[in-house]
file structure.pdb (PDB, C-alpha atoms)
MODEL        1
ATOM      1  CA  MET I  25     -95.726  31.152 -28.914
ATOM      2  CA  MET I  26     -94.892  34.690 -27.904
ATOM      3  CA  VAL I  27     -91.304  34.595 -29.205
ATOM      4  CA  PRO I  28     -92.157  33.452 -32.779
ATOM      5  CA  ALA I  29     -94.874  36.105 -32.954
ATOM      6  CA  ALA I  30     -92.500  38.763 -31.627
ATOM      7  CA  LEU I  31     -89.900  37.783 -34.219
ATOM      8  CA  LEU I  32     -92.449  38.016 -37.028
ATOM      9  CA  LEU I  33     -93.580  41.421 -35.792
ATOM     10  CA  LEU I  34     -89.983  42.607 -35.534
ATOM     11  CA  GLY I  35     -89.234  41.387 -39.060
ATOM     12  CA  ALA I  36     -92.357  43.064 -40.461
ATOM     13  CA  LEU I  37     -91.522  46.359 -38.767
ATOM     14  CA  ALA I  38     -87.957  46.253 -40.077
ATOM     15  CA  ALA I  39     -89.153  45.416 -43.589
ATOM     16  CA  VAL I  40     -91.535  48.389 -43.643
ATOM     17  CA  LEU I  41     -89.749  51.024 -41.572
ATOM     18  CA  ALA I  42     -86.081  50.435 -42.450
ATOM     19  CA  PRO I  43     -86.335  51.721 -46.059
ATOM     20  CA  ARG I  44     -88.143  54.858 -44.845
ATOM     21  CA  LEU I  45     -85.610  55.532 -42.108
ATOM     22  CA  LEU I  46     -82.642  54.966 -44.396
ATOM     23  CA  ALA I  47     -84.186  57.183 -47.076
ATOM     24  CA  ARG I  48     -84.177  60.094 -44.608
ATOM     25  CA  THR I  49     -80.432  59.899 -44.027
ATOM     26  CA  ASP I  50     -78.113  62.150 -46.015
ATOM     27  CA  TRP I  51     -74.836  60.251 -45.796
ATOM     28  CA  HIS I  52     -75.415  57.403 -48.287
ATOM     29  CA  ASP I  53     -73.805  59.224 -51.208
ATOM     30  CA  ARG I  54     -70.952  60.340 -48.973
ATOM     31  CA  GLU I  55     -70.122  56.819 -47.794
ATOM     32  CA  PRO I  56     -71.470  54.261 -50.306
ATOM     33  CA  VAL I  57     -69.380  51.398 -48.898
ATOM     34  CA  VAL I  58     -70.806  51.943 -45.412
ATOM     35  CA  ALA I  59     -74.293  52.230 -46.922
ATOM     36  CA  LEU I  60     -73.839  48.898 -48.700
ATOM     37  CA  TRP I  61     -72.909  47.307 -45.384
ATOM     38  CA  VAL I  62     -75.889  48.855 -43.586
ATOM     39  CA  TRP I  63     -78.353  47.597 -46.192
ATOM     40  CA  GLN I  64     -76.925  44.086 -46.049
ATOM     41  CA  CYS I  65     -77.216  44.024 -42.258
ATOM     42  CA  VAL I  66     -80.850  45.210 -42.356
ATOM     43  CA  VAL I  67     -81.840  42.572 -44.910
ATOM     44  CA  MET I  68     -79.978  39.907 -42.943
ATOM     45  CA  ALA I  69     -81.918  40.909 -39.808
ATOM     46  CA  VAL I  70     -85.250  40.529 -41.645
ATOM     47  CA  LEU I  71     -84.252  37.110 -42.959
ATOM     48  CA  LEU I  72     -83.043  36.040 -39.513
ATOM     49  CA  CYS I  73     -86.382  37.035 -37.984
ATOM     50  CA  CYS I  74     -88.182  34.804 -40.449
ATOM     51  CA  ALA I  75     -85.761  31.886 -40.041
ATOM     52  CA  LEU I  76     -85.837  31.943 -36.228
ATOM     53  CA  SER I  77     -89.609  32.334 -36.140
ATOM     54  CA  MET I  78     -89.951  29.356 -38.485
ATOM     55  CA  THR I  79     -87.676  27.240 -36.273
ATOM     56  CA  LEU I  80     -89.535  28.016 -33.051
ATOM     57  CA  SER I  81     -92.946  27.597 -34.725
ATOM     58  CA  ALA I  82     -91.896  24.192 -36.030
ATOM     59  CA  ALA I  83     -90.654  23.265 -32.558
ATOM     60  CA  ALA I  84     -94.044  24.234 -31.129
ATOM     61  CA  ALA I  85     -95.965  22.272 -33.750
ATOM     62  CA  TRP I  86     -93.974  19.038 -33.842
ATOM     63  CA  GLN I  87     -92.377  17.218 -30.931
ATOM     64  CA  ALA I  88     -89.668  15.717 -33.141
ATOM     65  CA  VAL I  89     -88.458  19.164 -34.201
ATOM     66  CA  ARG I  90     -88.604  20.381 -30.606
ATOM     67  CA  GLY I  91     -86.427  17.491 -29.522
ATOM     68  CA  HIS I  92     -83.731  18.466 -32.044
ATOM     69  CA  VAL I  93     -83.884  22.213 -31.411
ATOM     70  CA  PHE I  94     -83.863  21.980 -27.599
ATOM     71  CA  ALA I  95     -81.896  18.734 -27.268
ATOM     72  CA  PRO I  96     -79.110  20.121 -25.026
ATOM     73  CA  ALA I  97     -81.335  22.596 -23.145
ATOM     74  CA  PRO I  98     -82.579  22.049 -19.583
ATOM     75  CA  HIS I  99     -86.282  21.427 -19.063
ATOM     76  CA  ALA I 100     -86.755  24.871 -17.511
ATOM     77  CA  VAL I 101     -85.497  26.527 -20.708
ATOM     78  CA  VAL I 102     -87.950  24.549 -22.846
ATOM     79  CA  GLU I 103     -90.809  25.467 -20.534
ATOM     80  CA  SER I 104     -89.878  29.169 -20.648
ATOM     81  CA  TYR I 105     -90.756  29.361 -24.344
ATOM     82  CA  ALA I 106     -94.332  28.109 -23.770
ATOM     83  CA  LEU I 107     -94.294  26.250 -27.064
ATOM     84  CA  ALA I 108     -97.945  25.256 -27.192
ATOM     85  CA  GLY I 109     -98.606  23.313 -30.344
ATOM     86  CA  GLY I 110    -101.533  24.124 -32.561
ATOM     87  CA  PRO I 111    -102.660  24.763 -36.118
ATOM     88  CA  TRP I 112    -101.297  28.299 -36.094
ATOM     89  CA  ALA I 113     -97.799  27.104 -35.206
ATOM     90  CA  ALA I 114     -97.786  24.506 -37.965
ATOM     91  CA  ALA I 115     -99.234  26.934 -40.519
ATOM     92  CA  THR I 116     -96.642  29.599 -39.623
ATOM     93  CA  ALA I 117     -93.773  27.136 -39.854
ATOM     94  CA  VAL I 118     -94.928  25.770 -43.199
ATOM     95  CA  ALA I 119     -95.551  29.257 -44.650
ATOM     96  CA  LEU I 120     -92.118  30.499 -43.604
ATOM     97  CA  ALA I 121     -90.455  27.337 -44.855
ATOM     98  CA  LEU I 122     -92.135  27.764 -48.232
ATOM     99  CA  GLY I 123     -90.933  31.367 -48.254
ATOM    100  CA  GLY I 124     -87.381  30.160 -47.648
ATOM    101  CA  VAL I 125     -87.635  27.597 -50.434
ATOM    102  CA  TRP I 126     -89.057  30.256 -52.747
ATOM    103  CA  SER I 127     -86.173  32.625 -51.891
ATOM    104  CA  ALA I 128     -83.612  29.908 -52.625
ATOM    105  CA  THR I 129     -85.394  29.104 -55.888
ATOM    106  CA  MET I 130     -85.376  32.736 -56.994
ATOM    107  CA  LEU I 131     -81.686  33.069 -56.127
ATOM    108  CA  ALA I 132     -80.879  29.902 -58.055
ATOM    109  CA  ARG I 133     -82.883  31.211 -61.022
ATOM    110  CA  GLU I 134     -81.070  34.559 -60.885
ATOM    111  CA  ILE I 135     -77.656  32.865 -60.786
ATOM    112  CA  THR I 136     -78.620  30.484 -63.596
ATOM    113  CA  ARG I 137     -79.788  33.373 -65.773
ATOM    114  CA  ALA I 138     -76.593  35.300 -65.030
ATOM    115  CA  ARG I 139     -74.432  32.312 -65.962
ATOM    116  CA  THR I 140     -76.404  31.757 -69.148
ATOM    117  CA  ARG I 141     -76.038  35.428 -70.015
ATOM    118  CA  ARG I 142     -72.286  35.300 -69.325
ATOM    119  CA  ARG I 143     -71.846  32.196 -71.480
ATOM    120  CA  ARG I 144     -73.703  33.905 -74.309
ATOM    121  CA  GLU I 145     -71.608  37.061 -73.939
ATOM    122  CA  ARG I 146     -68.380  35.054 -73.874
ATOM    123  CA  ALA I 147     -69.458  33.147 -76.992
ATOM    124  CA  GLU I 148     -70.184  36.434 -78.751
ATOM    125  CA  LEU I 149     -66.857  37.736 -77.500
ATOM    126  CA  LEU I 150     -65.013  34.804 -79.073
ATOM    127  CA  VAL I 151     -66.757  35.509 -82.382
ATOM    128  CA  ARG I 152     -65.811  39.202 -82.325
ATOM    129  CA  ALA I 153     -62.342  38.607 -80.845
ATOM    130  CA  PRO I 154     -61.281  35.072 -81.863
ATOM    131  CA  VAL I 155     -58.514  33.261 -80.032
ATOM    132  CA  LEU I 156     -55.208  33.460 -81.894
ATOM    133  CA  PRO I 157     -52.908  30.434 -82.320
ATOM    134  CA  GLY I 158     -51.141  29.712 -79.056
ATOM    135  CA  GLU I 159     -53.677  31.562 -76.913
ATOM    136  CA  GLU I 160     -55.967  29.972 -74.366
ATOM    137  CA  PRO I 161     -59.630  31.071 -74.160
ATOM    138  CA  GLY I 162     -60.072  33.531 -71.307
ATOM    139  CA  SER I 163     -56.334  33.888 -70.746
ATOM    140  CA  ASP I 164     -56.376  37.676 -71.248
ATOM    141  CA  ARG I 165     -57.997  39.881 -68.611
ATOM    142  CA  LEU I 166     -58.375  42.721 -71.148
ATOM    143  CA  VAL I 167     -60.141  42.258 -74.472
ATOM    144  CA  VAL I 168     -60.344  44.991 -77.110
ATOM    145  CA  LEU I 169     -63.284  44.884 -79.521
ATOM    146  CA  GLU I 170     -63.902  46.785 -82.709
ATOM    147  CA  GLY I 171     -66.864  49.036 -82.062
ATOM    148  CA  GLU I 172     -68.264  52.431 -83.013
ATOM    149  CA  ARG I 173     -69.777  53.105 -79.571
ATOM    150  CA  PRO I 174     -67.435  53.852 -76.674
ATOM    151  CA  ASP I 175     -68.072  51.248 -74.022
ATOM    152  CA  ALA I 176     -66.358  49.214 -71.326
ATOM    153  CA  TRP I 177     -67.696  46.465 -69.110
ATOM    154  CA  TRP I 178     -66.536  43.676 -66.837
ATOM    155  CA  LEU I 179     -67.400  40.017 -67.415
ATOM    156  CA  PRO I 180     -67.357  38.284 -64.000
ATOM    157  CA  GLY I 181     -66.698  34.591 -63.570
ATOM    158  CA  ALA I 182     -63.875  32.149 -62.889
ATOM    159  CA  ALA I 183     -61.709  34.031 -65.398
ATOM    160  CA  PRO I 184     -62.994  37.637 -65.233
ATOM    161  CA  GLN I 185     -62.330  39.823 -68.232
ATOM    162  CA  LEU I 186     -62.529  43.529 -68.936
ATOM    163  CA  VAL I 187     -63.912  44.339 -72.374
ATOM    164  CA  ILE I 188     -63.366  47.726 -74.001
ATOM    165  CA  THR I 189     -64.185  48.944 -77.479
ATOM    166  CA  THR I 190     -61.839  50.678 -79.886
ATOM    167  CA  ALA I 191     -64.129  53.719 -79.851
ATOM    168  CA  ALA I 192     -63.551  54.000 -76.101
ATOM    169  CA  LEU I 193     -59.803  53.746 -76.601
ATOM    170  CA  ARG I 194     -59.956  56.590 -79.112
ATOM    171  CA  ARG I 195     -62.024  58.828 -76.848
ATOM    172  CA  LEU I 196     -60.427  58.173 -73.468
ATOM    173  CA  LYS I 197     -57.265  60.157 -72.995
ATOM    174  CA  GLY I 198     -54.354  59.246 -70.755
ATOM    175  CA  ARG I 199     -55.408  58.505 -67.200
ATOM    176  CA  GLN I 200     -59.099  58.462 -68.160
ATOM    177  CA  LEU I 201     -58.639  54.928 -69.484
ATOM    178  CA  ASP I 202     -56.911  53.930 -66.252
ATOM    179  CA  ALA I 203     -59.848  55.357 -64.284
ATOM    180  CA  VAL I 204     -62.338  53.284 -66.291
ATOM    181  CA  LEU I 205     -60.260  50.148 -65.728
ATOM    182  CA  ALA I 206     -60.037  50.904 -62.006
ATOM    183  CA  HIS I 207     -63.823  51.405 -61.840
ATOM    184  CA  GLU I 208     -64.521  48.019 -63.401
ATOM    185  CA  GLN I 209     -61.858  46.323 -61.306
ATOM    186  CA  GLY I 210     -63.529  47.791 -58.228
ATOM    187  CA  HIS I 211     -66.731  45.956 -59.149
ATOM    188  CA  ALA I 212     -64.810  42.711 -59.548
ATOM    189  CA  GLN I 213     -62.779  42.992 -56.344
ATOM    190  CA  ALA I 214     -65.833  43.790 -54.201
ATOM    191  CA  ARG I 215     -67.899  41.036 -55.906
ATOM    192  CA  HIS I 216     -70.705  43.475 -56.599
ATOM    193  CA  ASP I 217     -72.269  40.940 -58.954
ATOM    194  CA  TRP I 218     -73.280  38.794 -55.954
ATOM    195  CA  LEU I 219     -74.935  41.765 -54.275
ATOM    196  CA  LEU I 220     -76.896  42.489 -57.436
ATOM    197  CA  HIS I 221     -77.947  38.848 -57.840
ATOM    198  CA  SER I 222     -79.116  38.423 -54.246
ATOM    199  CA  SER I 223     -80.985  41.737 -54.176
ATOM    200  CA  ALA I 224     -82.682  40.976 -57.503
ATOM    201  CA  ALA I 225     -83.697  37.508 -56.296
ATOM    202  CA  LEU I 226     -85.331  38.855 -53.119
ATOM    203  CA  ALA I 227     -87.067  41.712 -54.933
ATOM    204  CA  ASN I 228     -88.392  39.454 -57.697
ATOM    205  CA  GLY I 229     -89.470  36.784 -55.244
ATOM    206  CA  PHE I 230     -91.225  39.173 -52.852
ATOM    207  CA  PRO I 231     -92.044  42.352 -54.790
ATOM    208  CA  GLN I 232     -94.542  43.531 -52.153
ATOM    209  CA  VAL I 233     -91.907  43.643 -49.371
ATOM    210  CA  PRO I 234     -90.601  47.249 -49.271
ATOM    211  CA  VAL I 235     -87.165  46.452 -47.865
ATOM    212  CA  PHE I 236     -86.348  44.006 -50.663
ATOM    213  CA  ALA I 237     -87.414  46.388 -53.449
ATOM    214  CA  ALA I 238     -85.438  49.238 -51.881
ATOM    215  CA  PHE I 239     -82.469  46.899 -51.351
ATOM    216  CA  ARG I 240     -82.358  46.091 -55.071
ATOM    217  CA  ASP I 241     -82.653  49.717 -56.161
ATOM    218  CA  GLU I 242     -80.013  50.925 -53.726
ATOM    219  CA  MET I 243     -77.578  48.156 -54.663
ATOM    220  CA  HIS I 244     -77.636  49.204 -58.320
ATOM    221  CA  ARG I 245     -76.903  52.790 -57.336
ATOM    222  CA  LEU I 246     -74.458  52.305 -54.481
ATOM    223  CA  VAL I 247     -72.186  49.804 -56.231
ATOM    224  CA  GLU I 248     -71.599  52.366 -58.981
ATOM    225  CA  LEU I 249     -70.793  55.086 -56.456
ATOM    226  CA  ALA I 250     -68.423  52.765 -54.602
ATOM    227  CA  ALA I 251     -66.609  51.875 -57.841
ATOM    228  CA  ASP I 252     -66.439  55.570 -58.772
ATOM    229  CA  ASP I 253     -64.795  56.315 -55.430
ATOM    230  CA  MET I 254     -62.283  53.513 -55.910
ATOM    231  CA  ALA I 255     -61.282  54.912 -59.292
ATOM    232  CA  SER I 256     -61.218  58.525 -58.125
ATOM    233  CA  ARG I 257     -58.960  57.735 -55.173
ATOM    234  CA  ARG I 258     -56.355  56.403 -57.584
ATOM    235  CA  PHE I 259     -56.717  58.741 -60.546
ATOM    236  CA  GLY I 260     -58.623  61.778 -59.305
ATOM    237  CA  ARG I 261     -62.263  62.828 -59.358
ATOM    238  CA  LEU I 262     -61.959  65.088 -62.380
ATOM    239  CA  THR I 263     -60.327  62.364 -64.462
ATOM    240  CA  THR I 264     -62.994  59.828 -63.466
ATOM    241  CA  ALA I 265     -65.803  62.307 -64.211
ATOM    242  CA  LEU I 266     -64.381  63.117 -67.646
ATOM    243  CA  ALA I 267     -64.082  59.420 -68.417
ATOM    244  CA  LEU I 268     -67.771  58.946 -67.529
ATOM    245  CA  VAL I 269     -68.729  61.830 -69.784
ATOM    246  CA  GLU I 270     -66.668  60.501 -72.692
ATOM    247  CA  LEU I 271     -68.230  57.054 -72.412
ATOM    248  CA  ASN I 272     -71.833  58.201 -72.081
ATOM    249  CA  GLU I 273     -72.339  61.526 -73.860
ATOM    250  CA  ASP I 274     -73.407  59.830 -77.132
ATOM    251  CA  ARG I 275     -76.186  57.938 -75.328
ATOM    252  CA  GLY I 276     -78.210  61.049 -74.592
ATOM    253  CA  VAL I 277     -77.909  60.670 -70.836
ATOM    254  CA  PHE I 278     -77.174  64.370 -70.375
ATOM    255  CA  GLY I 279     -80.298  65.487 -72.205
ATOM    256  CA  PRO I 280     -83.740  66.361 -70.789
ATOM    257  CA  CYS I 281     -85.305  62.969 -71.576
ATOM    258  CA  PRO I 282     -84.768  60.097 -69.102
ATOM    259  CA  THR I 283     -82.718  57.127 -70.305
ATOM    260  CA  PRO I 284     -81.656  53.763 -68.822
ATOM    261  CA  HIS I 285     -78.406  55.522 -67.793
ATOM    262  CA  ALA I 286     -80.098  58.492 -66.120
ATOM    263  CA  HIS I 287     -77.955  58.016 -63.010
ATOM    264  CA  VAL I 288     -74.783  59.002 -64.877
ATOM    265  CA  PRO I 289     -75.307  62.801 -64.595
ATOM    266  CA  GLN I 290     -75.741  62.463 -60.829
ATOM    267  CA  ARG I 291     -72.545  60.434 -60.641
ATOM    268  CA  VAL I 292     -70.646  63.041 -62.656
ATOM    269  CA  HIS I 293     -72.003  65.859 -60.500
ATOM    270  CA  ARG I 294     -70.997  63.959 -57.358
ATOM    271  CA  LEU I 295     -67.457  63.511 -58.670
ATOM    272  CA  LEU I 296     -67.101  67.168 -59.646
ATOM    273  CA  THR I 297     -68.574  68.488 -56.383
ATOM    274  CA  PRO I 298     -67.536  65.813 -53.915
ATOM    275  CA  PRO I 299     -69.470  65.736 -50.626
ATOM    276  CA  ASP I 300     -67.459  65.776 -47.443
ATOM    277  CA  ARG I 301     -66.745  62.310 -46.108
ATOM    278  CA  LEU I 302     -67.947  61.378 -42.657
ATOM    279  CA  PRO I 303     -65.385  61.527 -39.845
ATOM    280  CA  PRO I 304     -63.658  58.174 -39.226
ATOM    281  CA  ALA I 305     -65.251  57.889 -35.793
ATOM    282  CA  ARG I 306     -68.764  58.222 -37.221
ATOM    283  CA  ARG I 307     -68.012  55.728 -39.988
ATOM    284  CA  LEU I 308     -66.861  53.275 -37.333
ATOM    285  CA  ARG I 309     -69.993  53.883 -35.252
ATOM    286  CA  LEU I 310     -72.271  53.345 -38.245
ATOM    287  CA  THR I 311     -70.452  50.153 -39.185
ATOM    288  CA  ALA I 312     -70.628  48.801 -35.641
ATOM    289  CA  ALA I 313     -74.290  49.780 -35.215
ATOM    290  CA  ALA I 314     -75.216  48.054 -38.480
ATOM    291  CA  ALA I 315     -73.382  44.916 -37.398
ATOM    292  CA  LEU I 316     -75.515  44.828 -34.261
ATOM    293  CA  VAL I 317     -78.810  44.928 -36.190
ATOM    294  CA  PRO I 318     -78.812  41.184 -37.083
ATOM    295  CA  VAL I 319     -77.975  40.433 -33.444
ATOM    296  CA  ILE I 320     -81.333  41.850 -32.264
ATOM    297  CA  PRO I 321     -83.489  38.896 -33.466
ATOM    298  CA  VAL I 322     -80.968  36.494 -31.943
ATOM    299  CA  LEU I 323     -81.235  38.276 -28.596
ATOM    300  CA  VAL I 324     -85.041  38.241 -28.791
ATOM    301  CA  THR I 325     -84.889  34.504 -29.419
ATOM    302  CA  PHE I 326     -82.659  33.739 -26.441
ATOM    303  CA  VAL I 327     -84.263  36.090 -23.881
ATOM    304  CA  PRO I 328     -86.687  33.495 -22.398
ATOM    305  CA  GLY I 329     -83.955  30.876 -22.134
ATOM    306  CA  LEU I 330     -81.534  33.268 -20.488
ATOM    307  CA  ARG I 331     -84.198  34.307 -17.989
ATOM    308  CA  ALA I 332     -84.892  30.674 -17.142
ATOM    309  CA  LEU I 333     -81.216  30.095 -16.481
ATOM    310  CA  GLY I 334     -81.230  33.013 -14.053
TER     311      GLY I 334
ENDMDL
END

call {"tool": "encode", "arguments": {"input": "structure.pdb", "output": "structure tokens"}}
result
Amino acid sequence: MMVPAALLLLGALAAVLAPRLLARTDWHDREPVVALWVWQCVVMAVLLCCALSMTLSAAAAWQAVRGHVFAPAPHAVVESYALAGGPWAAATAVALALGGVWSATMLAREITRARTRRRRERAELLVRAPVLPGEEPGSDRLVVLEGERPDAWWLPGAAPQLVITTAALRRLKGRQLDAVLAHEQGHAQARHDWLLHSSAALANGFPQVPVFAAFRDEMHRLVELAADDMASRRFGRLTTALALVELNEDRGVFGPCPTPHAHVPQRVHRLLTPPDRLPPARRLRLTAAAALVPVIPVLVTFVPGLRALG
């Protein structure tokens, strides 16, 4: 039972220490795409620790599970894991299995709520912008709405649509509109909605786990920075910053009082004073190192078996 316990300890350490270690780094805002990848790899490693520990604990508790898990393995490999059954093994396996079911339930709830919200928004969209004769619902990727507040947003789904108000069209000048469209298209192309759903499901399901709460908060911030970079690479940082200002200045986000869009001033400042990007070699090293993080629990799991095989 040493390997399941070691996996649980490794997962707990990663869940507690990873957010603190990542918070001390200063390159997240410089490379948001790499940061998104790093966070996903860390969370995947924590989940793998739990899944592998559950599997080995179940194999220790029940002979039938052990027969399926170690079916093709030699007897020496099975003996190397010292899978002594007992109440602790069964309790650990059941607790981790319930945690997995709870995670899947929270993800399903998050996706269901998102779909319900999208259906409601699309129904409201049809009321405000009815389909003309000869048009098919959802056939246009760009929908213009009458509105006094400048706004633009992306509706994900099977037929994604970009919605923009007439007030935004009046305020955005020239390439600023193109920058806003590129920003929203960046969200759609990278499927940022799935990152937001999965991070929200884990954080809502396990609010006491630090890595999941930090994962959700960082996803909301980093996806916006990544979309800003995608727009600025095509239309320039100044143009993208001005477009952000035009869309948000009437919401009071640039005042002294905090608002739900308090991150917008930081995004504008980042666009106007861009930080230096990391060298390509360091970006590659960070990407490769992050990809190796989920491999660690797999290696821990197979160490006894590999030793038994010599």

call {"tool": "resolve_selection", "arguments": {"input": "structure.pdb", "expression": "the PyMOL selection byres ((chain I and resi 256-266) around 6)", "output": "list in words"}}
result
Gln200, Ala203, Asp253, Met254, Ala255, Ala267, Leu268, Val269, Val292 and Leu295 of chain I

call {"tool": "atom_distance", "arguments": {"input": "structure.pdb", "atom1": "atom CA of I:Glu55", "atom2": "atom CA of I:Ala251"}}
result
11.7 Å

call {"tool": "resolve_selection", "arguments": {"input": "structure.pdb", "expression": "the PyMOL selection byres ((chain I and resi 124) around 12)", "output": "PyMOL selection string"}}
result
chain I and resi 71-79+117-123+125-131+225-226+229-230

call {"tool": "resolve_selection", "arguments": {"input": "structure.pdb", "expression": "the PyMOL selection byres ((chain I and resi 167) around 10)", "output": "VMD selection string"}}
result
chain I and resid 149 153 162 to 166 168 to 169 176 185 to 189

call {"tool": "residues_near_point", "arguments": {"input": "structure.pdb", "point": "(-90.3, 41.7, -40.5)", "cutoff": "10 Å", "atoms": "all atoms listed in the file", "output": "list in words"}}
result
Ala30, Leu31, Leu32, Leu33, Leu34, Gly35, Ala36, Leu37, Ala38, Ala39, Val40, Leu41, Ala42, Val67, Ala69, Val70, Leu71, Leu72, Cys73, Cys74, Val233 and Val235 of chain I

call {"tool": "closest_residue", "arguments": {"input": "structure.pdb", "among": "I:Arg146, I:Arg133, I:His207, I:Arg331", "to": "I:Ala250", "atoms": "all atoms listed in the file"}}
result
I:His207

call {"tool": "axis_aligned_box", "arguments": {"input": "structure.pdb", "around": "stretch 299-308 of chain I", "padding_each_side": "5 Å", "output": "AutoDock Vina command-line options"}}
result
--center_x -66.6 --center_y 59.5 --center_z -43.2 --size_x 15.8 --size_y 22.5 --size_z 24.8

call {"tool": "closest_residue", "arguments": {"input": "structure.pdb", "among": "I:Ala191, I:Ala224, I:Trp177, I:Ala147", "to": "I:Gln209", "atoms": "only C-alpha atoms"}}
result
I:Trp177

call {"tool": "atom_distance", "arguments": {"input": "structure.pdb", "atom1": "atom CA of I:Val101", "atom2": "atom CA of I:Leu333"}}
result
7.0 Å

call {"tool": "atom_distance", "arguments": {"input": "structure.pdb", "atom1": "atom CA of I:Trp51", "atom2": "atom CA of I:Leu302"}}
result
7.7 Å

call {"tool": "closest_residue", "arguments": {"input": "structure.pdb", "among": "I:Asn272, I:Asp53, I:Ala315, I:Pro180", "to": "I:Arg294", "atoms": "only C-alpha atoms"}}
result
I:Asp53

call {"tool": "decode", "arguments": {"input": "structure.pdb", "residues": "stretch 29-42 of chain I", "atoms": "N, CA, C and O atoms", "output": "PDB file, in the first residue's frame"}}
result
ATOM      1  N   ALA I  29      -0.439   5.369  -1.209  1.00  0.00           N
ATOM      2  CA  ALA I  29      -0.214   6.440  -0.231  1.00  0.00           C
ATOM      3  C   ALA I  29       0.735   7.491  -0.783  1.00  0.00           C
ATOM      4  O   ALA I  29       0.533   8.700  -0.583  1.00  0.00           O
ATOM      5  N   ALA I  30       1.781   7.042  -1.488  1.00  0.00           N
ATOM      6  CA  ALA I  30       2.724   7.998  -2.078  1.00  0.00           C
ATOM      7  C   ALA I  30       2.038   8.854  -3.133  1.00  0.00           C
ATOM      8  O   ALA I  30       2.306  10.066  -3.233  1.00  0.00           O
ATOM      9  N   LEU I  31       1.150   8.260  -3.906  1.00  0.00           N
ATOM     10  CA  LEU I  31       0.429   9.035  -4.922  1.00  0.00           C
ATOM     11  C   LEU I  31      -0.488  10.068  -4.281  1.00  0.00           C
ATOM     12  O   LEU I  31      -0.585  11.214  -4.750  1.00  0.00           O
ATOM     13  N   LEU I  32      -1.174   9.678  -3.206  1.00  0.00           N
ATOM     14  CA  LEU I  32      -2.024  10.644  -2.507  1.00  0.00           C
ATOM     15  C   LEU I  32      -1.210  11.786  -1.928  1.00  0.00           C
ATOM     16  O   LEU I  32      -1.611  12.961  -2.004  1.00  0.00           O
ATOM     17  N   LEU I  33      -0.056  11.449  -1.336  1.00  0.00           N
ATOM     18  CA  LEU I  33       0.805  12.495  -0.782  1.00  0.00           C
ATOM     19  C   LEU I  33       1.319  13.412  -1.884  1.00  0.00           C
ATOM     20  O   LEU I  33       1.335  14.642  -1.712  1.00  0.00           O
ATOM     21  N   LEU I  34       1.717  12.842  -3.006  1.00  0.00           N
ATOM     22  CA  LEU I  34       2.191  13.646  -4.123  1.00  0.00           C
ATOM     23  C   LEU I  34       1.094  14.567  -4.644  1.00  0.00           C
ATOM     24  O   LEU I  34       1.338  15.752  -4.918  1.00  0.00           O
ATOM     25  N   GLY I  35      -0.127  14.037  -4.767  1.00  0.00           N
ATOM     26  CA  GLY I  35      -1.240  14.865  -5.228  1.00  0.00           C
ATOM     27  C   GLY I  35      -1.560  15.986  -4.256  1.00  0.00           C
ATOM     28  O   GLY I  35      -1.841  17.119  -4.660  1.00  0.00           O
ATOM     29  N   ALA I  36      -1.521  15.688  -2.948  1.00  0.00           N
ATOM     30  CA  ALA I  36      -1.800  16.720  -1.945  1.00  0.00           C
ATOM     31  C   ALA I  36      -0.736  17.809  -1.968  1.00  0.00           C
ATOM     32  O   ALA I  36      -1.054  19.009  -1.882  1.00  0.00           O
ATOM     33  N   LEU I  37       0.528  17.410  -2.092  1.00  0.00           N
ATOM     34  CA  LEU I  37       1.596  18.407  -2.154  1.00  0.00           C
ATOM     35  C   LEU I  37       1.457  19.287  -3.389  1.00  0.00           C
ATOM     36  O   LEU I  37       1.640  20.511  -3.316  1.00  0.00           O
ATOM     37  N   ALA I  38       1.138  18.680  -4.524  1.00  0.00           N
ATOM     38  CA  ALA I  38       0.968  19.469  -5.747  1.00  0.00           C
ATOM     39  C   ALA I  38      -0.219  20.421  -5.625  1.00  0.00           C
ATOM     40  O   ALA I  38      -0.153  21.572  -6.066  1.00  0.00           O
ATOM     41  N   ALA I  39      -1.297  19.948  -5.005  1.00  0.00           N
ATOM     42  CA  ALA I  39      -2.490  20.786  -4.872  1.00  0.00           C
ATOM     43  C   ALA I  39      -2.246  21.999  -3.988  1.00  0.00           C
ATOM     44  O   ALA I  39      -2.837  23.071  -4.196  1.00  0.00           O
ATOM     45  N   VAL I  40      -1.370  21.844  -2.990  1.00  0.00           N
ATOM     46  CA  VAL I  40      -1.114  22.939  -2.046  1.00  0.00           C
ATOM     47  C   VAL I  40       0.032  23.833  -2.513  1.00  0.00           C
ATOM     48  O   VAL I  40      -0.058  25.066  -2.454  1.00  0.00           O
ATOM     49  N   LEU I  41       1.114  23.212  -2.980  1.00  0.00           N
ATOM     50  CA  LEU I  41       2.325  23.972  -3.280  1.00  0.00           C
ATOM     51  C   LEU I  41       2.334  24.572  -4.684  1.00  0.00           C
ATOM     52  O   LEU I  41       2.938  25.634  -4.898  1.00  0.00           O
ATOM     53  N   ALA I  42       1.716  23.913  -5.648  1.00  0.00           N
ATOM     54  CA  ALA I  42       1.774  24.402  -7.033  1.00  0.00           C
ATOM     55  C   ALA I  42       1.239  25.823  -7.183  1.00  0.00           C
ATOM     56  O   ALA I  42       1.883  26.656  -7.836  1.00  0.00           O
TER      57      ALA I  42
END
